[in-house]
>>> print(open('start.pdb').read())   # PDB, C-alpha atoms, pLDDT in the B column
ATOM      1  CA  MET A 445       1.664   9.030  19.135  1.00 28.00           C
ATOM      2  CA  SER A 446       0.067  11.913  17.263  1.00 31.00           C
ATOM      3  CA  THR A 447      -3.223  11.478  15.443  1.00 32.00           C
ATOM      4  CA  GLU A 448      -1.430  11.837  12.118  1.00 36.00           C
ATOM      5  CA  HIS A 449       1.140   9.172  12.921  1.00 34.00           C
ATOM      6  CA  LYS A 450      -1.508   6.817  14.279  1.00 35.00           C
ATOM      7  CA  SER A 451      -3.641   7.109  11.153  1.00 35.00           C
ATOM      8  CA  LEU A 452      -0.602   6.530   8.944  1.00 36.00           C
ATOM      9  CA  LYS A 453       0.351   3.425  10.838  1.00 41.00           C
ATOM     10  CA  ASP A 454      -3.186   2.052  10.837  1.00 37.00           C
ATOM     11  CA  SER A 455      -3.480   2.699   7.089  1.00 43.00           C
ATOM     12  CA  PHE A 456      -0.386   0.869   5.950  1.00 45.00           C
ATOM     13  CA  GLY A 457       1.121  -1.079   8.825  1.00 54.00           C
ATOM     14  CA  GLN A 458       4.320  -0.547  10.726  1.00 74.00           C
ATOM     15  CA  TYR A 459       7.220   1.762  10.185  1.00 89.00           C
ATOM     16  CA  ARG A 460       9.995  -0.190   8.503  1.00 93.00           C
ATOM     17  CA  HIS A 461      13.754  -0.232   8.796  1.00 93.00           C
ATOM     18  CA  GLU A 462      15.403   0.477   5.465  1.00 92.00           C
ATOM     19  CA  TYR A 463      19.158   0.252   4.958  1.00 92.00           C
ATOM     20  CA  LYS A 464      20.887   1.030   1.653  1.00 92.00           C
ATOM     21  CA  TYR A 465      24.320   0.024   0.408  1.00 93.00           C
ATOM     22  CA  ILE A 466      26.245   0.754  -2.774  1.00 92.00           C
ATOM     23  CA  VAL A 467      27.809  -2.505  -3.989  1.00 93.00           C
ATOM     24  CA  SER A 468      29.857  -3.711  -6.921  1.00 92.00           C
ATOM     25  CA  ALA A 469      28.505  -6.152  -9.496  1.00 91.00           C
ATOM     26  CA  ALA A 470      30.718  -8.891  -8.020  1.00 93.00           C
ATOM     27  CA  GLU A 471      29.431  -8.243  -4.486  1.00 93.00           C
ATOM     28  CA  LEU A 472      25.867  -8.236  -5.750  1.00 92.00           C
ATOM     29  CA  GLU A 473      26.302 -11.586  -7.467  1.00 93.00           C
ATOM     30  CA  LEU A 474      27.857 -13.096  -4.328  1.00 94.00           C
ATOM     31  CA  ILE A 475      24.952 -11.930  -2.157  1.00 94.00           C
ATOM     32  CA  ARG A 476      22.467 -13.130  -4.781  1.00 92.00           C
ATOM     33  CA  SER A 477      24.012 -16.607  -4.790  1.00 94.00           C
ATOM     34  CA  ARG A 478      23.853 -16.771  -0.973  1.00 94.00           C
ATOM     35  CA  LEU A 479      20.193 -15.760  -0.795  1.00 94.00           C
ATOM     36  CA  ARG A 480      18.906 -18.232  -3.408  1.00 90.00           C
ATOM     37  CA  GLY A 481      18.422 -20.997  -0.865  1.00 89.00           C
ATOM     38  CA  LEU A 482      17.389 -18.748   2.027  1.00 95.00           C
ATOM     39  CA  MET A 483      14.687 -16.430   0.687  1.00 96.00           C
ATOM     40  CA  SER A 484      11.873 -16.542  -1.875  1.00 94.00           C
ATOM     41  CA  THR A 485      11.985 -14.546  -5.079  1.00 91.00           C
ATOM     42  CA  ASP A 486       9.329 -11.915  -5.745  1.00 90.00           C
ATOM     43  CA  PRO A 487       6.359 -13.634  -7.449  1.00 87.00           C
ATOM     44  CA  HIS A 488       5.747 -10.540  -9.593  1.00 83.00           C
ATOM     45  CA  ALA A 489       9.148 -10.776 -11.271  1.00 88.00           C
ATOM     46  CA  GLY A 490       9.534 -11.811 -14.893  1.00 84.00           C
ATOM     47  CA  GLU A 491      11.315 -14.851 -16.265  1.00 81.00           C
ATOM     48  CA  ASN A 492      14.737 -13.321 -15.624  1.00 85.00           C
ATOM     49  CA  GLY A 493      13.814 -12.600 -11.996  1.00 88.00           C
ATOM     50  CA  THR A 494      13.559  -8.819 -12.418  1.00 93.00           C
ATOM     51  CA  TYR A 495      10.942  -6.190 -13.121  1.00 95.00           C
ATOM     52  CA  ASN A 496      11.141  -2.583 -14.247  1.00 96.00           C
ATOM     53  CA  ILE A 497      10.222   0.230 -11.871  1.00 97.00           C
ATOM     54  CA  ARG A 498       9.660   3.759 -13.106  1.00 98.00           C
ATOM     55  CA  SER A 499       8.671   6.620 -10.781  1.00 98.00           C
ATOM     56  CA  ILE A 500       7.994  10.338 -11.068  1.00 98.00           C
ATOM     57  CA  TYR A 501       9.204  12.274  -8.023  1.00 98.00           C
ATOM     58  CA  PHE A 502       7.942  15.685  -6.895  1.00 98.00           C
ATOM     59  CA  ASP A 503       9.537  18.709  -5.297  1.00 97.00           C
ATOM     60  CA  ASP A 504       8.513  22.263  -4.437  1.00 97.00           C
ATOM     61  CA  TYR A 505       9.832  25.661  -5.530  1.00 95.00           C
ATOM     62  CA  ASP A 506      12.581  25.518  -2.871  1.00 96.00           C
ATOM     63  CA  ASN A 507      13.685  21.971  -3.787  1.00 96.00           C
ATOM     64  CA  SER A 508      12.878  21.077  -0.178  1.00 96.00           C
ATOM     65  CA  CYS A 509      12.755  17.298  -0.746  1.00 95.00           C
ATOM     66  CA  TYR A 510      16.176  17.347  -2.348  1.00 95.00           C
ATOM     67  CA  TYR A 511      17.833  19.452   0.340  1.00 95.00           C
ATOM     68  CA  ASP A 512      16.063  17.637   3.191  1.00 94.00           C
ATOM     69  CA  ASN A 513      17.633  14.413   1.937  1.00 92.00           C
ATOM     70  CA  GLU A 514      21.031  16.017   1.480  1.00 92.00           C
ATOM     71  CA  ASN A 515      20.965  17.419   5.015  1.00 92.00           C
ATOM     72  CA  GLY A 516      19.477  14.313   6.668  1.00 88.00           C
ATOM     73  CA  VAL A 517      16.380  16.162   7.912  1.00 92.00           C
ATOM     74  CA  ASP A 518      14.183  13.977  10.123  1.00 89.00           C
ATOM     75  CA  PRO A 519      11.242  13.725   9.741  1.00 92.00           C
ATOM     76  CA  ARG A 520      10.888  14.198   6.005  1.00 93.00           C
ATOM     77  CA  GLU A 521       8.598  12.999   3.243  1.00 95.00           C
ATOM     78  CA  LYS A 522       8.332  12.790  -0.520  1.00 96.00           C
ATOM     79  CA  PHE A 523       5.669  12.000  -3.104  1.00 98.00           C
ATOM     80  CA  ARG A 524       6.043   9.808  -6.153  1.00 98.00           C
ATOM     81  CA  ILE A 525       3.920   8.211  -8.860  1.00 98.00           C
ATOM     82  CA  ARG A 526       5.010   4.649  -9.645  1.00 98.00           C
ATOM     83  CA  ILE A 527       4.386   2.201 -12.478  1.00 98.00           C
ATOM     84  CA  TYR A 528       5.761  -1.241 -13.274  1.00 97.00           C
ATOM     85  CA  ASP A 529       7.175  -2.419 -16.596  1.00 95.00           C
ATOM     86  CA  ARG A 530       6.226   0.954 -18.146  1.00 95.00           C
ATOM     87  CA  SER A 531       2.526   0.027 -18.143  1.00 96.00           C
ATOM     88  CA  ASN A 532      -0.361   2.422 -17.423  1.00 96.00           C
ATOM     89  CA  LYS A 533      -2.582  -0.400 -16.144  1.00 96.00           C
ATOM     90  CA  ARG A 534      -1.517   0.203 -12.537  1.00 97.00           C
ATOM     91  CA  ILE A 535      -0.642   3.786 -11.583  1.00 98.00           C
ATOM     92  CA  THR A 536       0.048   4.400  -7.897  1.00 98.00           C
ATOM     93  CA  LEU A 537       0.542   7.606  -5.953  1.00 98.00           C
ATOM     94  CA  GLU A 538       2.801   7.039  -2.954  1.00 98.00           C
ATOM     95  CA  LEU A 539       3.773   9.159   0.022  1.00 97.00           C
ATOM     96  CA  LYS A 540       6.947   7.998   1.718  1.00 95.00           C
ATOM     97  CA  LYS A 541       7.773   9.344   5.173  1.00 94.00           C
ATOM     98  CA  LYS A 542      11.004   8.935   7.106  1.00 91.00           C
ATOM     99  CA  ILE A 543      10.752   9.348  10.880  1.00 90.00           C
ATOM    100  CA  ASN A 544      13.440   8.410  13.413  1.00 85.00           C
ATOM    101  CA  ALA A 545      15.386   6.548  10.705  1.00 80.00           C
ATOM    102  CA  LYS A 546      12.357   4.369   9.887  1.00 91.00           C
ATOM    103  CA  CYS A 547      10.164   4.528   6.795  1.00 93.00           C
ATOM    104  CA  LEU A 548       6.416   4.462   6.280  1.00 94.00           C
ATOM    105  CA  LYS A 549       4.722   4.303   2.892  1.00 93.00           C
ATOM    106  CA  LEU A 550       1.134   5.224   2.031  1.00 96.00           C
ATOM    107  CA  ALA A 551      -0.349   4.555  -1.382  1.00 97.00           C
ATOM    108  CA  CYS A 552      -3.493   5.011  -3.438  1.00 98.00           C
ATOM    109  CA  PRO A 553      -4.370   4.209  -7.066  1.00 98.00           C
ATOM    110  CA  LEU A 554      -4.612   6.934  -9.682  1.00 98.00           C
ATOM    111  CA  THR A 555      -6.834   6.894 -12.732  1.00 98.00           C
ATOM    112  CA  LEU A 556      -5.195   7.708 -16.040  1.00 98.00           C
ATOM    113  CA  GLU A 557      -7.189  10.942 -16.106  1.00 98.00           C
ATOM    114  CA  GLN A 558      -5.877  11.961 -12.670  1.00 98.00           C
ATOM    115  CA  TYR A 559      -2.354  11.058 -13.712  1.00 98.00           C
ATOM    116  CA  ASN A 560      -2.577  13.183 -16.868  1.00 98.00           C
ATOM    117  CA  ILE A 561      -3.712  16.209 -14.844  1.00 98.00           C
ATOM    118  CA  ILE A 562      -0.808  15.871 -12.400  1.00 98.00           C
ATOM    119  CA  ALA A 563       1.817  15.088 -15.056  1.00 96.00           C
ATOM    120  CA  GLU A 564       0.874  18.254 -16.930  1.00 95.00           C
ATOM    121  CA  GLY A 565       1.789  20.294 -13.840  1.00 95.00           C
ATOM    122  CA  ASP A 566      -1.745  20.865 -12.609  1.00 97.00           C
ATOM    123  CA  TYR A 567      -3.613  19.450  -9.616  1.00 98.00           C
ATOM    124  CA  VAL A 568      -6.653  17.268  -9.011  1.00 98.00           C
ATOM    125  CA  PRO A 569      -9.371  19.348  -7.263  1.00 98.00           C
ATOM    126  CA  ILE A 570      -9.513  18.622  -3.540  1.00 98.00           C
ATOM    127  CA  SER A 571     -12.562  16.539  -2.633  1.00 97.00           C
ATOM    128  CA  LYS A 572     -13.811  14.523   0.322  1.00 96.00           C
ATOM    129  CA  ASP A 573     -14.151  11.623  -2.111  1.00 97.00           C
ATOM    130  CA  ASN A 574     -10.410  11.606  -2.891  1.00 97.00           C
ATOM    131  CA  PRO A 575      -7.868   9.574  -0.926  1.00 97.00           C
ATOM    132  CA  ASP A 576      -6.160  11.661   1.749  1.00 97.00           C
ATOM    133  CA  ILE A 577      -2.739  11.540   0.117  1.00 97.00           C
ATOM    134  CA  LEU A 578      -4.135  12.741  -3.226  1.00 98.00           C
ATOM    135  CA  ASN A 579      -5.725  15.708  -1.457  1.00 98.00           C
ATOM    136  CA  LYS A 580      -2.454  16.377   0.345  1.00 98.00           C
ATOM    137  CA  LEU A 581      -0.554  16.382  -2.954  1.00 98.00           C
ATOM    138  CA  SER A 582      -3.048  18.905  -4.345  1.00 98.00           C
ATOM    139  CA  LEU A 583      -2.774  21.070  -1.228  1.00 98.00           C
ATOM    140  CA  LEU A 584       1.023  21.132  -1.506  1.00 98.00           C
ATOM    141  CA  TYR A 585       0.690  22.086  -5.167  1.00 98.00           C
ATOM    142  CA  LEU A 586      -1.370  25.093  -4.103  1.00 98.00           C
ATOM    143  CA  THR A 587       0.751  26.104  -1.107  1.00 98.00           C
ATOM    144  CA  ARG A 588       4.280  25.000  -2.020  1.00 98.00           C
ATOM    145  CA  GLY A 589       4.244  24.661  -5.795  1.00 98.00           C
ATOM    146  CA  LEU A 590       4.832  20.895  -5.563  1.00 98.00           C
ATOM    147  CA  LYS A 591       5.199  19.528  -9.098  1.00 97.00           C
ATOM    148  CA  PRO A 592       6.700  16.553 -10.985  1.00 97.00           C
ATOM    149  CA  LYS A 593      10.463  17.010 -11.283  1.00 97.00           C
ATOM    150  CA  ILE A 594      12.197  13.843 -12.421  1.00 97.00           C
ATOM    151  CA  ILE A 595      11.749  10.234 -13.518  1.00 98.00           C
ATOM    152  CA  VAL A 596      13.747   7.554 -11.714  1.00 97.00           C
ATOM    153  CA  GLU A 597      13.976   4.144 -13.395  1.00 97.00           C
ATOM    154  CA  TYR A 598      15.755   0.856 -12.684  1.00 97.00           C
ATOM    155  CA  GLU A 599      15.492  -2.926 -12.835  1.00 96.00           C
ATOM    156  CA  ARG A 600      14.785  -4.648  -9.530  1.00 96.00           C
ATOM    157  CA  MET A 601      15.385  -8.172  -8.279  1.00 95.00           C
ATOM    158  CA  SER A 602      13.690  -8.818  -4.953  1.00 95.00           C
ATOM    159  CA  TRP A 603      13.974 -11.504  -2.287  1.00 95.00           C
ATOM    160  CA  ILE A 604      11.330 -12.047   0.411  1.00 96.00           C
ATOM    161  CA  TYR A 605      11.291 -13.660   3.859  1.00 96.00           C
ATOM    162  CA  ASN A 606       7.959 -13.630   5.698  1.00 91.00           C
ATOM    163  CA  ASP A 607       9.219 -13.684   9.298  1.00 91.00           C
ATOM    164  CA  GLY A 608       9.950 -10.055  10.094  1.00 88.00           C
ATOM    165  CA  ASN A 609       8.531  -9.061   6.690  1.00 92.00           C
ATOM    166  CA  VAL A 610      12.045  -8.901   5.266  1.00 96.00           C
ATOM    167  CA  ARG A 611      12.757  -7.776   1.722  1.00 95.00           C
ATOM    168  CA  VAL A 612      16.203  -7.604   0.107  1.00 96.00           C
ATOM    169  CA  THR A 613      16.287  -5.785  -3.221  1.00 96.00           C
ATOM    170  CA  PHE A 614      18.931  -5.305  -5.880  1.00 95.00           C
ATOM    171  CA  ASP A 615      18.358  -2.182  -7.985  1.00 96.00           C
ATOM    172  CA  GLU A 616      20.432  -2.178 -11.152  1.00 95.00           C
ATOM    173  CA  ASN A 617      20.970   0.244 -14.023  1.00 94.00           C
ATOM    174  CA  ILE A 618      19.576   3.219 -12.071  1.00 96.00           C
ATOM    175  CA  ARG A 619      18.892   6.123 -14.398  1.00 96.00           C
ATOM    176  CA  SER A 620      17.012   9.406 -14.518  1.00 96.00           C
ATOM    177  CA  SER A 621      15.104  11.501 -17.031  1.00 96.00           C
ATOM    178  CA  THR A 622      13.439  14.903 -17.010  1.00 95.00           C
ATOM    179  CA  GLU A 623      11.091  13.872 -19.868  1.00 96.00           C
ATOM    180  CA  ILE A 624       7.970  13.660 -17.682  1.00 96.00           C
ATOM    181  CA  SER A 625       5.714  13.555 -20.748  1.00 96.00           C
ATOM    182  CA  GLY A 626       7.347  10.264 -21.790  1.00 96.00           C
ATOM    183  CA  PHE A 627       6.538   8.415 -18.572  1.00 98.00           C
ATOM    184  CA  PHE A 628       4.896   5.485 -20.370  1.00 97.00           C
ATOM    185  CA  ASP A 629       7.173   5.501 -23.412  1.00 96.00           C
ATOM    186  CA  PRO A 630       9.478   2.464 -23.750  1.00 91.00           C
ATOM    187  CA  ASP A 631      12.426   4.637 -24.729  1.00 92.00           C
ATOM    188  CA  ILE A 632      13.122   8.068 -23.273  1.00 95.00           C
ATOM    189  CA  PRO A 633      16.451   9.915 -22.944  1.00 95.00           C
ATOM    190  CA  VAL A 634      18.044   8.886 -19.650  1.00 96.00           C
ATOM    191  CA  ARG A 635      21.146   9.605 -17.585  1.00 95.00           C
ATOM    192  CA  CYS A 636      22.861   6.756 -15.746  1.00 94.00           C
ATOM    193  CA  ILE A 637      23.629   7.953 -12.236  1.00 92.00           C
ATOM    194  CA  MET A 638      25.905   5.207 -10.865  1.00 90.00           C
ATOM    195  CA  PRO A 639      29.466   4.447 -11.958  1.00 88.00           C
ATOM    196  CA  PRO A 640      29.645   1.438 -14.324  1.00 89.00           C
ATOM    197  CA  GLY A 641      29.404  -1.841 -12.405  1.00 89.00           C
ATOM    198  CA  TRP A 642      27.959  -0.330  -9.212  1.00 91.00           C
ATOM    199  CA  GLN A 643      24.421  -1.020  -8.000  1.00 92.00           C
ATOM    200  CA  LEU A 644      22.206  -0.423  -4.979  1.00 94.00           C
ATOM    201  CA  LEU A 645      21.368  -3.032  -2.336  1.00 95.00           C
ATOM    202  CA  GLU A 646      18.467  -2.352   0.047  1.00 95.00           C
ATOM    203  CA  VAL A 647      17.559  -4.389   3.136  1.00 95.00           C
ATOM    204  CA  LYS A 648      14.106  -3.701   4.644  1.00 95.00           C
ATOM    205  CA  TRP A 649      12.295  -5.253   7.581  1.00 94.00           C
ATOM    206  CA  ASP A 650       9.638  -4.663  10.245  1.00 92.00           C
ATOM    207  CA  GLU A 651      10.180  -6.112  13.725  1.00 84.00           C
ATOM    208  CA  PHE A 652      13.483  -7.953  13.269  1.00 91.00           C
ATOM    209  CA  LEU A 653      16.100  -8.954  10.727  1.00 94.00           C
ATOM    210  CA  PRO A 654      17.031 -12.652  11.011  1.00 95.00           C
ATOM    211  CA  ASP A 655      20.707 -13.104  11.767  1.00 94.00           C
ATOM    212  CA  PHE A 656      21.287 -15.501   8.860  1.00 94.00           C
ATOM    213  CA  ILE A 657      20.015 -12.905   6.380  1.00 95.00           C
ATOM    214  CA  TYR A 658      22.152 -10.189   7.929  1.00 92.00           C
ATOM    215  CA  LYS A 659      25.279 -12.359   7.790  1.00 92.00           C
ATOM    216  CA  ASN A 660      24.704 -13.297   4.151  1.00 93.00           C
ATOM    217  CA  THR A 661      24.111  -9.744   2.956  1.00 91.00           C
ATOM    218  CA  MET A 662      26.827  -7.933   4.894  1.00 85.00           C
ATOM    219  CA  ILE A 663      30.062  -8.708   3.068  1.00 75.00           C
ATOM    220  CA  ASN A 664      33.322  -6.778   2.826  1.00 71.00           C
ATOM    221  CA  ASN A 665      32.191  -4.332   5.528  1.00 77.00           C
ATOM    222  CA  LEU A 666      29.592  -2.648   3.329  1.00 86.00           C
ATOM    223  CA  GLU A 667      28.912   0.948   4.251  1.00 80.00           C
ATOM    224  CA  GLN A 668      25.424   2.417   4.386  1.00 85.00           C
ATOM    225  CA  THR A 669      24.460   5.317   2.165  1.00 86.00           C
ATOM    226  CA  ALA A 670      22.007   7.913   3.438  1.00 79.00           C
ATOM    227  CA  HIS A 671      21.047   9.217   0.007  1.00 78.00           C
ATOM    228  CA  SER A 672      17.976   7.970  -1.834  1.00 89.00           C
ATOM    229  CA  LYS A 673      17.719   7.088  -5.513  1.00 92.00           C
ATOM    230  CA  TYR A 674      15.663  10.268  -5.887  1.00 94.00           C
ATOM    231  CA  TYR A 675      18.516  12.364  -4.496  1.00 93.00           C
ATOM    232  CA  LEU A 676      21.161  10.648  -6.621  1.00 91.00           C
ATOM    233  CA  CYS A 677      19.085  11.197  -9.765  1.00 93.00           C
ATOM    234  CA  ARG A 678      17.958  14.723  -8.957  1.00 93.00           C
ATOM    235  CA  ARG A 679      21.294  16.232  -7.986  1.00 88.00           C
ATOM    236  CA  PHE A 680      22.348  16.750 -11.596  1.00 77.00           C
ATOM    237  CA  SER A 681      19.268  18.839 -12.446  1.00 73.00           C
ATOM    238  CA  VAL A 682      19.357  20.761  -9.146  1.00 75.00           C
ATOM    239  CA  LEU A 683      23.026  21.607  -9.436  1.00 63.00           C
ATOM    240  CA  GLY A 684      22.441  22.506 -13.064  1.00 58.00           C
ATOM    241  CA  GLY A 685      19.748  24.954 -12.052  1.00 50.00           C
ATOM    242  CA  LYS A 686      16.785  23.037 -13.490  1.00 51.00           C
TER     243      LYS A 686
END
>>> encode(input="start.pdb", output="structure tokens")
Amino acid sequence: MSTEHKSLKDSFGQYRHEYKYIVSAAELELIRSRLRGLMSTDPHAGENGTYNIRSIYFDDYDNSCYYDNENGVDPREKFRIRIYDRSNKRITLELKKKINAKCLKLACPLTLEQYNIIAEGDYVPISKDNPDILNKLSLLYLTRGLKPKIIVEYERMSWIYNDGNVRVTFDENIRSSTEISGFFDPDIPVRCIMPPGWQLLEVKWDEFLPDFIYKNTMINNLEQTAHSKYYLCRRFSVLGGK
């Protein structure tokens, strides 16, 4: 294992399996009803069992992140800034890496001041006092022109099972926006990127996926999708030349 990979693993834990499926509303409700008695709901969810996730994703002047996803490049990585329920109280910079079909996520908090610098298309000065991933984002800004490109937003319902660190998520109403300046605004112009009635199911785990969870999520011979929410949202602006 390289020094880089070892430090990433030690910083955040193990690489995780992450499978994604496009499902209909009826399939989603069937899976949801099966999991109610098998897994715990996410304690951070609201009264209706969901919470809002909004993320800014980055790309460089060659749209490398977009095309790496389209072409299935391995390894690959992407940066994002994430908030929950459109609040600026918790702003997180994340680096997500995909290696050998497994995912690893690193994260660090951002101050509102740091966020404002990045969102305006600038970079936070590199410093030994900064988290490594913040310095890496700044370095890629300087060398590759890495900048905020698109907002991805959706409502998530999440189910948790501790053995194997399993998480099953339902991401509904997935939409995108290029209005980076409105990241914290309740209402921004958005584009829905899935056909009406279709949602995204994700199954994630560490060491193993219990058979009873697998059997209750795999219905009607669901087919995996290789494309991320970032790719699905970004393709309209890339193909449109933006």
>>> residues_around(input="start.pdb", residues="A:Asp631", least_positions_apart="4", cutoff="10 Å", atoms="only C-alpha atoms", output="PyMOL selection string")
chain A and resi 530+626-627
>>> resolve_selection(input="start.pdb", expression="the PyMOL selection byres ((chain A and resi 539) around 9)", output="list in words")
Glu521, Lys522, Phe523, Arg524, Ile525, Leu537, Glu538, Lys540, Lys541, Leu548, Lys549, Leu550, Ala551, Ile577 and Leu581 of chain A
>>> write_last_selection(input="start.pdb", atoms="C-alpha atoms", output="PDB file, keeping the file's coordinate frame")
ATOM      1  CA  GLU A 521       8.598  12.999   3.243  1.00 95.00           C
ATOM      2  CA  LYS A 522       8.332  12.790  -0.520  1.00 96.00           C
ATOM      3  CA  PHE A 523       5.669  12.000  -3.104  1.00 98.00           C
ATOM      4  CA  ARG A 524       6.043   9.808  -6.153  1.00 98.00           C
ATOM      5  CA  ILE A 525       3.920   8.211  -8.860  1.00 98.00           C
ATOM      6  CA  LEU A 537       0.542   7.606  -5.953  1.00 98.00           C
ATOM      7  CA  GLU A 538       2.801   7.039  -2.954  1.00 98.00           C
ATOM      8  CA  LYS A 540       6.947   7.998   1.718  1.00 95.00           C
ATOM      9  CA  LYS A 541       7.773   9.344   5.173  1.00 94.00           C
ATOM     10  CA  LEU A 548       6.416   4.462   6.280  1.00 94.00           C
ATOM     11  CA  LYS A 549       4.722   4.303   2.892  1.00 93.00           C
ATOM     12  CA  LEU A 550       1.134   5.224   2.031  1.00 96.00           C
ATOM     13  CA  ALA A 551      -0.349   4.555  -1.382  1.00 97.00           C
ATOM     14  CA  ILE A 577      -2.739  11.540   0.117  1.00 97.00           C
ATOM     15  CA  LEU A 581      -0.554  16.382  -2.954  1.00 98.00           C
TER      16      LEU A 581
END
>>> closest_atom_pairs(input="start.pdb", of="stretch 590-631 of chain A", to="stretch 471-478 of chain A", cutoff="10 Å", atoms="all atoms listed in the file", output="tab-separated table")
residue	atom	partner	partner_atom	distance
A:Met601	CA	A:Arg476	CA	9.3
A:Ser602	CA	A:Arg476	CA	9.8
A:Trp603	CA	A:Arg476	CA	9.0
A:Val612	CA	A:Arg476	CA	9.7
A:Thr613	CA	A:Arg476	CA	9.7
A:Phe614	CA	A:Leu472	CA	7.5
A:Asp615	CA	A:Leu472	CA	9.9
A:Glu616	CA	A:Leu472	CA	9.8
>>> write_last_selection(input="start.pdb", atoms="C-alpha atoms", output="PDB file, in the frame of the given file")
ATOM      1  CA  MET A 601      15.385  -8.172  -8.279  1.00 95.00           C
ATOM      2  CA  SER A 602      13.690  -8.818  -4.953  1.00 95.00           C
ATOM      3  CA  TRP A 603      13.974 -11.504  -2.287  1.00 95.00           C
ATOM      4  CA  VAL A 612      16.203  -7.604   0.107  1.00 96.00           C
ATOM      5  CA  THR A 613      16.287  -5.785  -3.221  1.00 96.00           C
ATOM      6  CA  PHE A 614      18.931  -5.305  -5.880  1.00 95.00           C
ATOM      7  CA  ASP A 615      18.358  -2.182  -7.985  1.00 96.00           C
ATOM      8  CA  GLU A 616      20.432  -2.178 -11.152  1.00 95.00           C
TER       9      GLU A 616
END
>>> residues_around(input="start.pdb", residues="A:Asp506", least_positions_apart="2", cutoff="12 Å", atoms="only C-alpha atoms", output="ChimeraX atom specification")
/A:502-504,508-512,587-591,682,685-686
>>> write_last_selection(input="start.pdb", atoms="C-alpha atoms", output="short mmCIF file (atom, residue, chain, number, x, y, z; two decimals), keeping the file's coordinate frame")
data_model
loop_
_atom_site.label_atom_id
_atom_site.label_comp_id
_atom_site.auth_asym_id
_atom_site.auth_seq_id
_atom_site.Cartn_x
_atom_site.Cartn_y
_atom_site.Cartn_z
CA PHE A 502 7.94 15.68 -6.90
CA ASP A 503 9.54 18.71 -5.30
CA ASP A 504 8.51 22.26 -4.44
CA SER A 508 12.88 21.08 -0.18
CA CYS A 509 12.76 17.30 -0.75
CA TYR A 510 16.18 17.35 -2.35
CA TYR A 511 17.83 19.45 0.34
CA ASP A 512 16.06 17.64 3.19
CA THR A 587 0.75 26.10 -1.11
CA ARG A 588 4.28 25.00 -2.02
CA GLY A 589 4.24 24.66 -5.80
CA LEU A 590 4.83 20.90 -5.56
CA LYS A 591 5.20 19.53 -9.10
CA VAL A 682 19.36 20.76 -9.15
CA GLY A 685 19.75 24.95 -12.05
CA LYS A 686 16.78 23.04 -13.49
#
>>> resolve_selection(input="start.pdb", expression="the PyMOL selection byres ((chain A and resi 652) around 12)", output="list in words")
Tyr459, Arg460, His461, Glu462, Tyr605, Asn606, Asp607, Gly608, Asn609, Val610, Arg611, Val647, Lys648, Trp649, Asp650, Glu651, Leu653, Pro654, Asp655, Phe656, Ile657 and Tyr658 of chain A
>>> residues_around(input="start.pdb", residues="A:Pro575", least_positions_apart="3", cutoff="7 Å", atoms="only C-alpha atoms", output="MDAnalysis selection string")
chainID A and resid 552 578:579
>>> closest_residue(input="start.pdb", among="A:Gln643, A:Asn507, A:Thr536, A:Asn560", to="A:Arg679", atoms="all atoms listed in the file")
A:Asn507
>>> residues_around(input="start.pdb", residues="A:Pro569", least_positions_apart="2", cutoff="9 Å", atoms="all atoms listed in the file", output="number ranges by chain")
A: 567, 571, 574, 579, 582
>>> atom_distance(input="start.pdb", atom1="atom CA of A:Arg498", atom2="atom CA of A:Glu564")
17.4 Å
>>> resolve_selection(input="start.pdb", expression="the PyMOL selection byres ((chain A and resi 619) around 8)", output="VMD selection string")
chain A and resid 596 to 598 617 to 618 620 to 621 634 to 638 677
>>> axis_aligned_box(input="start.pdb", around="stretch 457-463 of chain A", padding_each_side="6 Å", output="JSON")
{"center_x": 10.1, "center_y": 0.3, "center_z": 7.8, "size_x": 30.0, "size_y": 14.8, "size_z": 17.8}
>>> atom_distance(input="start.pdb", atom1="atom CA of A:Pro630", atom2="atom CA of A:Arg526")
15.0 Å
>>> closest_residue(input="start.pdb", among="A:Ser625, A:Ser681, A:Pro553, A:Asn660", to="A:Gly481", atoms="all atoms listed in the file")
A:Asn660
>>> closest_residue(input="start.pdb", among="A:Asn492, A:Pro592, A:Gln458, A:Asn515", to="A:Asp566", atoms="all atoms listed in the file")
A:Pro592
>>> closest_residue(input="start.pdb", among="A:Ala545, A:Leu554, A:Ile500, A:Leu583", to="A:Arg678", atoms="only C-alpha atoms")
A:Ile500
>>> closest_residue(input="start.pdb", among="A:Lys464, A:Tyr528, A:Ile497, A:Arg480", to="A:Gln668", atoms="only C-alpha atoms")
A:Lys464
